[in-house]
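Scroll down for the structure; my scribbles are underneath it.
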Amino acid sequence: MAASDGGGARGKAGRAAGEKSGLIRPRQWLALAGLAVAAFVFNTSEFVPIGLLTDIGASFSLAEEGAAVMISVYAWGVMLMSLPLMVLASRVGFRRLMLGLLALFATGQFLCAVAPTFWLLVAARLVVAAAHSVFWAVVMVVAARVVDPRASSAAIGLVATGSSVAQIVGMPLGRAIGLALGWRMTFAAMGVASVATLAYLAVVFPSMGPGKRFRLWQLPGLFRNRSLVTLYVVVVFLAAGQFAAYSYVEPFLLRVAGLPARGVTLALSAFGCAGLLGSVLFSRLYDGNRRVFLAASLLGESVALLLLLPAAASPASMVAALVGWGACQMGYGIAFQAVLIGFVRPEEATVAMATYSGLYNLGIGGGTALGGVAAARLGVASVGVVGGVLVVAGTAVALALLLPRMRGSRAEAGPR
C-alpha cells in the first residue's frame with residue numbers, strides 16, 4: 001500500500017511539473033537556458049579552486065590550509081558586498097544588470113589568470129565575488145519573473161540545474177584543465193566562457209525593468225519576519241557544515257580515501273551528478289510535499305557527512321557517501337530559495353535573496369576557516385565529522401522551527 005501511494009504522489013508531482021513546463025513559451029526557454037548557462041559558469045568559478053587547492057597552494061609555496069584562505073576571503077567578500085551592491089543594482093533593469101555582471105565576472109577571471117602573487121590572486125577573486133554577490137541575489141528572482149507565475153518552480157529548477165551541472169562537468173573539467181595546463185588556464189577558460197554567455201544573453205534575453213528599488217531603511221523590516229530569520233539561521237549552519245568538509249574534499253580524497261588524482265576527478269564528478277539528481281528530484285517531488293522533501297534532504301546530508309570518514313575505507317562506499325551528500329545538498333539548496341520567495345512580499349524578494357546570499361557566504365567562509373583549523377590540528381580526516389555536526393545543528397533548527405512555519409504559508413503553497 002505504501003509503495004502504491006508513493007507512486008501516485010510521484011505521478012501527480014511529475015504531471016504537475018509537466019503542466020508547469022508547458023506554460024513556458026519558446027522565447028522564455030531560451031532566456032532560462034541562458035540563465036542556466038550563466039549559473040553554470042558562476043558556480044564553476046566559485047568551486048573550481050577547491051578542486052585545484054593543492055596545485056594553487058604549491059605554486060605559491062602554501063599548504064592547503066593556507067591556500068584555502070582564498071575561499072574564505074571570497075565568501076566573506078560576497079557576504080560584505082551583497083547588500084550594498086544590491087542596493088545600487090536595484091536601480092538597474094534586469095537585462096542590463098545581467099549583462100553587466102557577466103562583463104565584470106569575465107574581467108575578474110582574466111585577472112585571476114595573470115595574478116603574479118597569491119594576494120593579487122585573492123584580490124582578483126574579490127572582483128569575481130562582486131559579480132557573484134549580485135548575480136545569486138537576483139538570478140532566481142529573475143528566472144521566476146521571466147515566466148508565468150505558475151511556472152516559477154520549474155524555472156527556478158531549470159536555472160538550478162545549471163548550477164548542479166557545474167559540479168558534474170564544470171568543476172571536474174576545470175580541475176582537468178588545471179592539472180594538464182596549469183590552474184591559470186582554468187581561470188582563463190572561465191573568462192572565455194563568460195564572454196560567450198554574455199554574447200548569447202545579449203541576443204535572447206528580454207527587456208526587463210528593475211524590481212522595486214530597495215533602500216537600506218527597509219532592511220529592519222525583513223528581520224522582523226521571524227520565518228525569514230529562522231531560514232537565515234538554518235542556512236548559516238548548513239553552509240558552514242557543508243564547506244567545513246567540501247573545501248577540503250580534494251585533500252580528503254587524496255590522503256584519507258587514498259584515491260589517485262584521476263580518481264579524485266571522477267569522485268567529484270559523481271558528487272556533481274548527484275547534484276543534478278537532487279535538482280531533478282526537486283522539480284518532480286518538491287511541490288507534492290514540501291516539508292517532507294526538505295526534512296529528507298536535511299537528514300540525508302547529515303548522515304552522509306557523519307559517515308564520510310568510515311566511507312573512506314573503500315572507493316564504492318566513498319562514492320556512495322558523496323552521491324548522498326551531493327543530492328541532498330542540492331535538493332534543500334534549491335528548495336530554500338523557493339521557500340524564501342514564499343516568505344516575503346514580491347518587492348522584498350531581491351534584497352531578501354541578497355541577504356540570504358550574504359549569510360550563506362558567511363557560513364562558507366566560517367566553515368572553510370573552521371575546517372582549516374580542524375585539518376591542521378586534527379588532520380584532514382576530521383573535516384566530515386566537523387561539518388556533519390554543524391549540519392546536524394542546522395537540521396535540528398529547521399525541523400523544530402522552520403518547517404512548522406511553512407505550514408499554511410505561501411512558502412508551502414509556492415510563490416504566486
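Lettering and numbering for the C-alpha cells are positional, with chains as A, B, ... in the shown order, residues counted from 1 in each chain, and ligands counted from 1 in the shown order.
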Checklist line | Backbone DSSP call of alpha helix (DSSP H) for segment 157-277 of chain A, listed as a PyMOL selection string | finding: chain A and resi 157-165+171-181+183-204+219-222+226-246+249-251+261-277
Item checked: Ser357 of chain A surroundings by only C-alpha atoms, 7 Å radius, close-in-sequence under 3 positions cut, as a list in words ->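 Skipping anything fewer than 3 positions along the chain leaves Met79, Ser133, Trp136, Ala137, Met353, Ala354, Tyr360 and Asn361 of chain A.
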Margin query: Give me the residues near segment 331-334 of chain A as a ChimeraX atom specification, where near means some atom within 9 Å (using only C-alpha atoms) and where sequence neighbours in that chain fewer than 4 positions away do not count.
Written below: /A:156-157,160,235,275,277-282,286,293-298,326-327,338-339
Next item on the list: Write out as a list in words the residues lying within 10 Å of Ala393 of chain A, counting only C-alpha atoms and excluding same-chain residues fewer than 2 positions away.
Entry: Val234, Phe237, Leu238, Gly241, Ser302, Gly388, Val389, Leu390, Val391, Thr395, Ala396, Val397 and Ala398 of chain A
Grab the residues selected above and save them as a PDB file, in the first residue's frame with C-alpha atoms.
ATOM      1  CA  VAL A 234      19.483  27.499   9.391  1.00  0.00           C
ATOM      2  CA  PHE A 237      24.727  26.465   9.987  1.00  0.00           C
ATOM      3  CA  LEU A 238      24.218  24.376   6.858  1.00  0.00           C
ATOM      4  CA  GLY A 241      28.904  22.485   7.778  1.00  0.00           C
ATOM      5  CA  SER A 302      23.650  14.982   7.978  1.00  0.00           C
ATOM      6  CA  GLY A 388      28.387  16.898   9.973  1.00  0.00           C
ATOM      7  CA  VAL A 389      27.966  18.302  13.483  1.00  0.00           C
ATOM      8  CA  LEU A 390      27.228  21.767  12.083  1.00  0.00           C
ATOM      9  CA  VAL A 391      24.734  20.373   9.569  1.00  0.00           C
ATOM     10  CA  THR A 395      18.830  20.452  10.618  1.00  0.00           C
ATOM     11  CA  ALA A 396      17.590  20.452  14.224  1.00  0.00           C
ATOM     12  CA  VAL A 397      16.657  24.143  13.990  1.00  0.00           C
ATOM     13  CA  ALA A 398      14.945  23.550  10.648  1.00  0.00           C
TER      14      ALA A 398
END
Notebook entry, point to check: With only C-alpha atoms as the basis for distance, which of A:Phe118, A:Tyr200, A:Phe343, A:Trp29 is at the shortest distance from Met98 of chain A?
Noted result: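 Of A:Phe118, A:Tyr200, A:Phe343, A:Trp29, the one nearest Met98 of chain A is A:Tyr200, counting only C-alpha atoms.
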Next item on the list: Name all residues at most 12 Å from Val78 of chain A (count only C-alpha atoms; drop same-chain ones fewer than 5 positions away) and give them as a count of residues only.
Entry: 33
